[in-house]
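K.L.:
Next up is a structure, given as structure tokens.
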Protein chains: 2
Amino acid sequence: MATGKVTLLSAGPGELDLLTIRAARLLATADVVLLDDLVNPEILTLAPQAHVIRVGKRGGCKSTPQAFIQRLTLRYARAGRHVVRVKGGDALLFGRAGEELTELRRAQIPFEIVNGISSGFAAAAGLGISLTHRDHCQGVTFITAHLRDHSEPNWAALAATGTTLAIYMGMTRIDSICAALLESLPAGTPAAVVQSAGTSDERRVLATLATLAVTAREAGLGSPAVILVGNAIGEAVVSGEQTRGPHQPDASSTVSEHGRRYA
Amino acid sequence: MATGKVTLLSAGPGELDLLTIRAARLLATADVVLLDDLVNPEILTLAPQAHVIRVGKRGGCKSTPQAFIQRLTLRYARAGRHVVRVKGGDALLFGRAGEELTELRRAQIPFEIVNGISSGFAAAAGLGISLTHRDHCQGVTFITAHLRDHSEPNWAALAATGTTLAIYMGMTRIDSICAALLESLPAGTPAAVVQSAGTSDERRVLATLATLAVTAREAGLGSPAVILVGNAIGEAVVSGEQTRGPHQPDASSTVSEHGRRYA
């Protein structure tokens with residue numbers, strides 16, 4: 001029997017119309033879908049004939065061991081099936097795609113990767129700002145606060161780059177992250193938390209590095225969320241932009257529900 | 001007359017099926033499209049009834065002044081039109097979206113942002129690797145080498161972050177960029193150049209930080225391209241992955257033409 005193939009497919013942040021056209025087309029041809037926990041399950045409507053296996057890996061909670069996910073992927077591909085491995089955001093940013101790709105190479109299974117929108121980009125869209133406004137910075141760093149060996153990122157070096165910081169998986173440690181960054185950055189550095197960016201449940205707060213942890217806690221924000229730090233974020237603070245979708249200049253609350261967008 | 005609206009729309013790296021579904025839908029409703037130079041012009045087939053204005057800003061060459069682009073956008077929006085401002089990649093990463101958004105806020109024009117795939121992500125997909133393989137790093141930094149004041153990014157700090165570096169607009173200065181990074185990173189650090197990532201003309205070379213500039217020059221690579229540096233890039237070097245689309249374990253050349261992908 002001919003070997004099948006694997007598509008590593010990025011589901012984007014949540015809303016289905018933020019999938020790429022290519023992703024939607026490939027889902028329609030899937031024999032087997034391996035679906036991560038944080039992916040909007042409505043995506044399965046695009047793969048109506050696929051056998052679906054949910055392989056959640058939500059940090060800390062019950063999860064499917066990585067080795068088991070990889071064994072399943074190889075088993076179906078070797079049986080000639082088109083396996084679509086679906087990960088949230090862009091599959092190539094966090095989420096252990098690297099290990100799964102290494103396995104596919106070792107096993108000599110043909111694969112394709114389809115990019116998607118990572119939540120840090122969706123968060124900036126929700127705030128109505130560029131991640132790299134050139135009045136403020138020359139780049140952006142996407143970093144996970146959830147390190148394999150429980151060590152810390154080099155916050156001093158990250159601050160010294162002058163890039164906007166987009167910190168993933170940091171909400172359980174937001175106090176210590178902000179405290180660490182305050183050793184290198186001014187207390188008034190603009191900062192934000194965007195929870196469930198790019199989904200119908202998106203919520204966000206704008207603050208400063210000194211006040212962000214308290215502000216986010218008072219607003220009841222938690223995981224999954226992106227923490228954004230840097231002067232480029234101040235473009236949102238200054239204008240008081242809050243609504244998702246069409247940005248209205250009169251918005252004024254500091255936490256918003258999902259707003260309108262063009263039909 | 002009612003004020004119109006502006007959609008800041010990300011065109012992705014080039015191939016049309018890498019647009020989001022939302023982007024394709026919004027293009028169909030555009031009255032006016034303002035199109036950047038580096039965007040695949042085939043995108044206009046998705047906006048058949050729109051008035052199209054090309055507003056190239058290719059670095060260094062003839063270009064439409066930023067102020068003129070912004071005046072045009074405001075004029076059409078105030079005349080009640082739906083203006084779709086199309087930028088390559090993700091509009092919120094480089095490309096001066098920040099300044100255009102500031103203008104829209106000042107002018108109190110409602111706007112919406114639609115994310116897209118930035119070329120750094122497409123480059124990683126072409127190489128068949130994660131940007132953040134957790135054996136190697138905790139994040140990725142997107143940085144432009146083309147600074148407004150002709151200063152240099154803080155290469156030492158960028159290297160100290162331990163993140164993968166995705167350097168945009170760096171091909172004209174690839175020698176000095178690699179030399180600067182070699183002051184902080186080992187000569188054998190894996191590195192790559194991906195030209196026209198995510199387009200039908202994609203080409204790439206894999207090398208080390210010490211050999212990248214020569215390797216890219218010998219292969220004839222130039223702008224537009226992304227320079228990738230970091231141990232995570234070594235996953236591609238080790239396996240010799242070269243073809244775009246379905247990755248074949250027997251690929252061995254160091255520069256490839258656009259490969260096959262699933263129909």
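Letters A, B, ... go to the chains of the structure tokens in the order shown; residues in each chain start at 1; ligands are counted from 1 in the same order.
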Name the residues of stretch 95-230 of chain A that fall into alpha helix (DSSP H) according to DSSP on the backbone, using the chain letters and numbers of this document, as a ChimeraX atom specification.

P.N.:
/A:97-106,119-127,155-160,174-182,212-218

K.L.:
Show me, as a ChimeraX atom specification, every residue of chain A with an atom at most 7 Å from chain B, counting only C-alpha atoms.

P.N.:
/A:17-22,92-94,96-99,101,105,108,110-113,115-117,121-122,125,129-134,138-144,154,157-158,160-161,245-249

K.L.:
Which residues are near A:Gly14? Cut-off 7 Å, only C-alpha atoms, ignore same chain within fewer than 5 positions. Put them as a PDB file with N, CA and C atoms, in the first residue's frame.

P.N.:
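Writing done, so here's around_26.pdb:
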ATOM      1  N   VAL A  39      -8.225  24.304  19.650  1.00  0.00           N
ATOM      2  CA  VAL A  39      -8.752  24.664  18.331  1.00  0.00           C
ATOM      3  C   VAL A  39     -10.284  24.695  18.387  1.00  0.00           C
ATOM      4  N   ASN A  40     -10.861  25.703  17.752  1.00  0.00           N
ATOM      5  CA  ASN A  40     -12.314  25.806  17.649  1.00  0.00           C
ATOM      6  C   ASN A  40     -12.866  24.545  16.977  1.00  0.00           C
ATOM      7  N   GLY A 198      -8.877  36.845  18.590  1.00  0.00           N
ATOM      8  CA  GLY A 198      -9.343  36.296  17.320  1.00  0.00           C
ATOM      9  C   GLY A 198     -10.446  35.270  17.441  1.00  0.00           C
ATOM     10  N   THR A 199     -11.099  35.251  18.613  1.00  0.00           N
ATOM     11  CA  THR A 199     -12.273  34.394  18.790  1.00  0.00           C
ATOM     12  C   THR A 199     -13.463  35.279  19.145  1.00  0.00           C
TER      13      THR A 199
END

K.L.:
So which one's closest to A:Ala180, A:Ala210, A:Pro13, A:Thr73, A:Arg204? Using only C-alpha atoms, please.

P.N.:
A:Ala210

K.L.:
Grab the atom CA of A:Thr208 to atom CA of A:Val194 distance for me, in Å with one decimal place.

P.N.:
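So the answer is 13.9 Å.
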
K.L.:
So, counting only C-alpha atoms, which residue among B:Thr172, B:Ser184, B:Ser10, B:Thr189 is closest to B:Val226?

P.N.:
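Nearest candidate to B:Val226 out of B:Thr172, B:Ser184, B:Ser10, B:Thr189: B:Thr172.
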